[in-house]
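**Q** Can you read through this structure? Questions will come right after.
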Amino acid sequence: MQAIPRGRIAAIDYARTVALLGMAVYHFTYDLTVFGALPPGMASQGVWRDFARLVAGSFLALSGVSLFLAHGQGLRLRPFLRRLALVAGAVSLATWVMMPDFFVFFGILHSIAVSSVIGLAVLRAPGVVTLLAAALFLALPAVFRAYGLSPDWPVWLGLSDLNRPTMDFEPVFPWTGVFLAGLGVAQLTARLGGLNALSRWRLRGGRV
């Protein structure tokens, strides 16, 4: 495997910036519906619902890439656990204090946290293996629906028809598949020497 470049990779930071802008646009629109400036529920259906999924998917995929960049040459346990605790707990606590009947019990940050732990199992695997695991996570909910399966499993797994009210919900299946896809792409890119090439690329122009 090619060495992972040291320092930040600007192209990935650009991608994170686009994801953050997308999140800001969506949540501003959502807030406008809450305050009555836009039709109720508009942000939860149609194009806006798809846009929200695209933004969430971009965060998960980039988190998979980040896991490889940070730990692909060896797990640094203390930083990993510190980040895990911060990501897993912050949103639940904040939303529980503000809206206890509608708090985020398994949102995007919880999904990133759990996916990061699952990702450790394939962190040193070939990228093709990781992408196959990603395909399994992505496909399993559709398989369960096709066969009418709804096991009495925890809601956050995403394989049950049970629901509970929440402001944000990205269950393990299928969303960990998006995380693993990002991880697998990073692994393949590193093996082909693409990360080194990517680390040398910059957008040009002072205005950018």
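Each chain in the structure tokens gets a letter, A, B and so on, in the order shown; residues start at 1 in every chain, and ligands are counted from 1 in the order they appear.
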For range 173-190 of chain A, please output as a PDB file with N, CA, C and O atoms, in the first residue's frame all residues within 8 Å (counting only C-alpha atoms; exclusion window: fewer than 4 positions along the same chain).

**A**
```
ATOM      1  N   MET A   1       0.843  -1.197   0.000  1.00  0.00           N
ATOM      2  CA  MET A   1       0.000   0.000   0.000  1.00  0.00           C
ATOM      3  C   MET A   1       0.875   1.242   0.000  1.00  0.00           C
ATOM      4  O   MET A   1       1.903   1.275   0.672  1.00  0.00           O
ATOM      5  N   GLN A   2       0.464   2.266  -0.733  1.00  0.00           N
ATOM      6  CA  GLN A   2       1.202   3.515  -0.765  1.00  0.00           C
ATOM      7  C   GLN A   2       1.111   4.207   0.595  1.00  0.00           C
ATOM      8  O   GLN A   2       0.142   4.069   1.329  1.00  0.00           O
ATOM      9  N   ALA A   3       2.180   4.969   0.928  1.00  0.00           N
ATOM     10  CA  ALA A   3       2.164   5.725   2.168  1.00  0.00           C
ATOM     11  C   ALA A   3       1.068   6.781   2.120  1.00  0.00           C
ATOM     12  O   ALA A   3       0.790   7.365   1.078  1.00  0.00           O
ATOM     13  N   ILE A   4       0.471   7.015   3.274  1.00  0.00           N
ATOM     14  CA  ILE A   4      -0.557   8.047   3.371  1.00  0.00           C
ATOM     15  C   ILE A   4       0.134   9.386   3.545  1.00  0.00           C
ATOM     16  O   ILE A   4       0.983   9.540   4.427  1.00  0.00           O
ATOM     17  N   GLY A  57     -25.122  11.612   3.182  1.00  0.00           N
ATOM     18  CA  GLY A  57     -24.236  10.629   2.572  1.00  0.00           C
ATOM     19  C   GLY A  57     -22.839  11.167   2.350  1.00  0.00           C
ATOM     20  O   GLY A  57     -21.833  10.455   2.532  1.00  0.00           O
ATOM     21  N   LEU A  60     -20.942  11.017   5.633  1.00  0.00           N
ATOM     22  CA  LEU A  60     -20.550   9.659   5.989  1.00  0.00           C
ATOM     23  C   LEU A  60     -19.414   9.155   5.115  1.00  0.00           C
ATOM     24  O   LEU A  60     -18.457   8.549   5.599  1.00  0.00           O
ATOM     25  N   ALA A  61     -19.496   9.397   3.815  1.00  0.00           N
ATOM     26  CA  ALA A  61     -18.430   8.961   2.913  1.00  0.00           C
ATOM     27  C   ALA A  61     -17.108   9.644   3.250  1.00  0.00           C
ATOM     28  O   ALA A  61     -16.047   9.001   3.301  1.00  0.00           O
ATOM     29  N   LEU A  62     -17.153  10.947   3.522  1.00  0.00           N
ATOM     30  CA  LEU A  62     -15.935  11.667   3.885  1.00  0.00           C
ATOM     31  C   LEU A  62     -15.395  11.207   5.235  1.00  0.00           C
ATOM     32  O   LEU A  62     -14.180  11.215   5.454  1.00  0.00           O
ATOM     33  N   SER A  63     -16.271  10.783   6.126  1.00  0.00           N
ATOM     34  CA  SER A  63     -15.809  10.231   7.407  1.00  0.00           C
ATOM     35  C   SER A  63     -15.080   8.915   7.197  1.00  0.00           C
ATOM     36  O   SER A  63     -14.108   8.615   7.900  1.00  0.00           O
ATOM     37  N   GLY A  64     -15.546   8.114   6.225  1.00  0.00           N
ATOM     38  CA  GLY A  64     -14.824   6.886   5.890  1.00  0.00           C
ATOM     39  C   GLY A  64     -13.442   7.180   5.345  1.00  0.00           C
ATOM     40  O   GLY A  64     -12.455   6.524   5.701  1.00  0.00           O
ATOM     41  N   VAL A  65     -13.351   8.180   4.478  1.00  0.00           N
ATOM     42  CA  VAL A  65     -12.049   8.608   3.966  1.00  0.00           C
ATOM     43  C   VAL A  65     -11.164   9.076   5.115  1.00  0.00           C
ATOM     44  O   VAL A  65      -9.971   8.719   5.197  1.00  0.00           O
ATOM     45  N   SER A  66     -11.728   9.853   6.033  1.00  0.00           N
ATOM     46  CA  SER A  66     -10.957  10.398   7.147  1.00  0.00           C
ATOM     47  C   SER A  66     -10.439   9.299   8.070  1.00  0.00           C
ATOM     48  O   SER A  66      -9.328   9.409   8.603  1.00  0.00           O
ATOM     49  N   LEU A  67     -11.250   8.255   8.276  1.00  0.00           N
ATOM     50  CA  LEU A  67     -10.791   7.145   9.116  1.00  0.00           C
ATOM     51  C   LEU A  67      -9.529   6.524   8.529  1.00  0.00           C
ATOM     52  O   LEU A  67      -8.567   6.224   9.254  1.00  0.00           O
ATOM     53  N   PHE A  68      -9.507   6.365   7.214  1.00  0.00           N
ATOM     54  CA  PHE A  68      -8.331   5.778   6.578  1.00  0.00           C
ATOM     55  C   PHE A  68      -7.135   6.717   6.673  1.00  0.00           C
ATOM     56  O   PHE A  68      -6.020   6.288   6.982  1.00  0.00           O
ATOM     57  N   SER A 111     -24.381   7.733  13.653  1.00  0.00           N
ATOM     58  CA  SER A 111     -24.084   6.841  12.538  1.00  0.00           C
ATOM     59  C   SER A 111     -22.592   6.865  12.213  1.00  0.00           C
ATOM     60  O   SER A 111     -21.981   5.823  11.957  1.00  0.00           O
ATOM     61  N   ILE A 112     -21.994   8.055  12.232  1.00  0.00           N
ATOM     62  CA  ILE A 112     -20.553   8.159  11.993  1.00  0.00           C
ATOM     63  C   ILE A 112     -19.777   7.431  13.078  1.00  0.00           C
ATOM     64  O   ILE A 112     -18.800   6.725  12.797  1.00  0.00           O
ATOM     65  N   SER A 115     -20.281   3.619  12.687  1.00  0.00           N
ATOM     66  CA  SER A 115     -19.616   3.214  11.450  1.00  0.00           C
ATOM     67  C   SER A 115     -18.101   3.222  11.606  1.00  0.00           C
ATOM     68  O   SER A 115     -17.410   2.386  11.019  1.00  0.00           O
ATOM     69  N   GLY A 119     -15.880   0.162  10.870  1.00  0.00           N
ATOM     70  CA  GLY A 119     -14.835   0.334   9.877  1.00  0.00           C
ATOM     71  C   GLY A 119     -13.485  -0.199  10.307  1.00  0.00           C
ATOM     72  O   GLY A 119     -12.658  -0.571   9.454  1.00  0.00           O
ATOM     73  N   LEU A 123     -10.291  -1.945   8.191  1.00  0.00           N
ATOM     74  CA  LEU A 123      -9.381  -0.819   7.970  1.00  0.00           C
ATOM     75  C   LEU A 123      -8.132  -1.226   7.203  1.00  0.00           C
ATOM     76  O   LEU A 123      -7.620  -0.471   6.377  1.00  0.00           O
ATOM     77  N   PRO A 126      -8.113  -5.139   1.861  1.00  0.00           N
ATOM     78  CA  PRO A 126      -8.087  -4.567   0.514  1.00  0.00           C
ATOM     79  C   PRO A 126      -9.341  -3.746   0.247  1.00  0.00           C
ATOM     80  O   PRO A 126     -10.428  -4.054   0.750  1.00  0.00           O
ATOM     81  N   GLY A 127      -9.219  -2.712  -0.551  1.00  0.00           N
ATOM     82  CA  GLY A 127     -10.345  -1.838  -0.833  1.00  0.00           C
ATOM     83  C   GLY A 127     -11.530  -2.564  -1.431  1.00  0.00           C
ATOM     84  O   GLY A 127     -12.685  -2.226  -1.145  1.00  0.00           O
ATOM     85  N   VAL A 128     -11.268  -3.585  -2.244  1.00  0.00           N
ATOM     86  CA  VAL A 128     -12.358  -4.338  -2.871  1.00  0.00           C
ATOM     87  C   VAL A 128     -13.207  -5.026  -1.803  1.00  0.00           C
ATOM     88  O   VAL A 128     -14.448  -5.053  -1.896  1.00  0.00           O
ATOM     89  N   VAL A 129     -12.560  -5.563  -0.773  1.00  0.00           N
ATOM     90  CA  VAL A 129     -13.289  -6.224   0.317  1.00  0.00           C
ATOM     91  C   VAL A 129     -14.174  -5.213   1.051  1.00  0.00           C
ATOM     92  O   VAL A 129     -15.333  -5.491   1.366  1.00  0.00           O
ATOM     93  N   THR A 130     -13.627  -4.047   1.303  1.00  0.00           N
ATOM     94  CA  THR A 130     -14.400  -3.002   1.986  1.00  0.00           C
ATOM     95  C   THR A 130     -15.591  -2.571   1.149  1.00  0.00           C
ATOM     96  O   THR A 130     -16.700  -2.358   1.668  1.00  0.00           O
ATOM     97  N   LEU A 131     -15.421  -2.449  -0.158  1.00  0.00           N
ATOM     98  CA  LEU A 131     -16.528  -2.060  -1.027  1.00  0.00           C
ATOM     99  C   LEU A 131     -17.592  -3.151  -1.089  1.00  0.00           C
ATOM    100  O   LEU A 131     -18.793  -2.847  -1.187  1.00  0.00           O
ATOM    101  N   ALA A 133     -18.298  -5.127   1.439  1.00  0.00           N
ATOM    102  CA  ALA A 133     -19.003  -4.951   2.712  1.00  0.00           C
ATOM    103  C   ALA A 133     -19.964  -3.771   2.621  1.00  0.00           C
ATOM    104  O   ALA A 133     -21.089  -3.830   3.131  1.00  0.00           O
ATOM    105  N   ALA A 134     -19.534  -2.700   1.953  1.00  0.00           N
ATOM    106  CA  ALA A 134     -20.411  -1.539   1.768  1.00  0.00           C
ATOM    107  C   ALA A 134     -21.670  -1.929   0.998  1.00  0.00           C
ATOM    108  O   ALA A 134     -22.786  -1.526   1.359  1.00  0.00           O
ATOM    109  N   ALA A 135     -21.497  -2.712  -0.050  1.00  0.00           N
ATOM    110  CA  ALA A 135     -22.642  -3.145  -0.853  1.00  0.00           C
ATOM    111  C   ALA A 135     -23.617  -3.966  -0.012  1.00  0.00           C
ATOM    112  O   ALA A 135     -24.845  -3.842  -0.167  1.00  0.00           O
ATOM    113  N   LEU A 136     -23.090  -4.797   0.883  1.00  0.00           N
ATOM    114  CA  LEU A 136     -23.952  -5.601   1.754  1.00  0.00           C
ATOM    115  C   LEU A 136     -24.793  -4.715   2.667  1.00  0.00           C
ATOM    116  O   LEU A 136     -26.007  -4.909   2.790  1.00  0.00           O
ATOM    117  N   PHE A 137     -24.152  -3.732   3.290  1.00  0.00           N
ATOM    118  CA  PHE A 137     -24.888  -2.823   4.176  1.00  0.00           C
ATOM    119  C   PHE A 137     -25.946  -2.037   3.418  1.00  0.00           C
ATOM    120  O   PHE A 137     -27.036  -1.789   3.929  1.00  0.00           O
ATOM    121  N   LEU A 138     -25.622  -1.628   2.204  1.00  0.00           N
ATOM    122  CA  LEU A 138     -26.565  -0.846   1.414  1.00  0.00           C
ATOM    123  C   LEU A 138     -27.756  -1.684   0.940  1.00  0.00           C
ATOM    124  O   LEU A 138     -28.879  -1.191   0.858  1.00  0.00           O
ATOM    125  N   ALA A 139     -27.506  -2.945   0.631  1.00  0.00           N
ATOM    126  CA  ALA A 139     -28.540  -3.781   0.019  1.00  0.00           C
ATOM    127  C   ALA A 139     -29.442  -4.470   1.034  1.00  0.00           C
ATOM    128  O   ALA A 139     -30.596  -4.782   0.717  1.00  0.00           O
ATOM    129  N   LEU A 140     -28.956  -4.709   2.244  1.00  0.00           N
ATOM    130  CA  LEU A 140     -29.704  -5.551   3.185  1.00  0.00           C
ATOM    131  C   LEU A 140     -31.088  -5.009   3.529  1.00  0.00           C
ATOM    132  O   LEU A 140     -32.056  -5.794   3.583  1.00  0.00           O
ATOM    133  N   PRO A 141     -31.286  -3.706   3.757  1.00  0.00           N
ATOM    134  CA  PRO A 141     -32.657  -3.232   4.033  1.00  0.00           C
ATOM    135  C   PRO A 141     -33.634  -3.539   2.903  1.00  0.00           C
ATOM    136  O   PRO A 141     -34.786  -3.910   3.156  1.00  0.00           O
ATOM    137  N   LEU A 157     -30.762  -0.067  14.109  1.00  0.00           N
ATOM    138  CA  LEU A 157     -30.133  -0.919  13.099  1.00  0.00           C
ATOM    139  C   LEU A 157     -30.706  -0.652  11.710  1.00  0.00           C
ATOM    140  O   LEU A 157     -30.039  -0.859  10.693  1.00  0.00           O
ATOM    141  N   GLY A 158     -31.968  -0.234  11.640  1.00  0.00           N
ATOM    142  CA  GLY A 158     -32.581   0.086  10.358  1.00  0.00           C
ATOM    143  C   GLY A 158     -33.178  -1.098   9.631  1.00  0.00           C
ATOM    144  O   GLY A 158     -33.519  -0.979   8.445  1.00  0.00           O
ATOM    145  N   LEU A 159     -33.340  -2.220  10.301  1.00  0.00           N
ATOM    146  CA  LEU A 159     -33.888  -3.419   9.659  1.00  0.00           C
ATOM    147  C   LEU A 159     -35.280  -3.766  10.171  1.00  0.00           C
ATOM    148  O   LEU A 159     -35.821  -4.808   9.836  1.00  0.00           O
ATOM    149  N   GLY A 194      -2.915   7.296  -5.709  1.00  0.00           N
ATOM    150  CA  GLY A 194      -3.708   8.474  -5.991  1.00  0.00           C
ATOM    151  C   GLY A 194      -3.722   9.501  -4.876  1.00  0.00           C
ATOM    152  O   GLY A 194      -3.892  10.692  -5.133  1.00  0.00           O
ATOM    153  N   LEU A 195      -3.550   9.062  -3.621  1.00  0.00           N
ATOM    154  CA  LEU A 195      -3.572  10.027  -2.528  1.00  0.00           C
ATOM    155  C   LEU A 195      -2.390  10.984  -2.600  1.00  0.00           C
ATOM    156  O   LEU A 195      -2.526  12.178  -2.293  1.00  0.00           O
ATOM    157  N   ASN A 196      -1.237  10.468  -2.991  1.00  0.00           N
ATOM    158  CA  ASN A 196      -0.078  11.344  -3.135  1.00  0.00           C
ATOM    159  C   ASN A 196      -0.313  12.378  -4.227  1.00  0.00           C
ATOM    160  O   ASN A 196       0.040  13.553  -4.077  1.00  0.00           O
TER     161      ASN A 196
END
```

**Q** So how far away is CA of Pro5 in chain A from CA of Leu69 in chain A, in Å?

**A**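 Rounded to one decimal, the two atoms are 8.1 Å apart.
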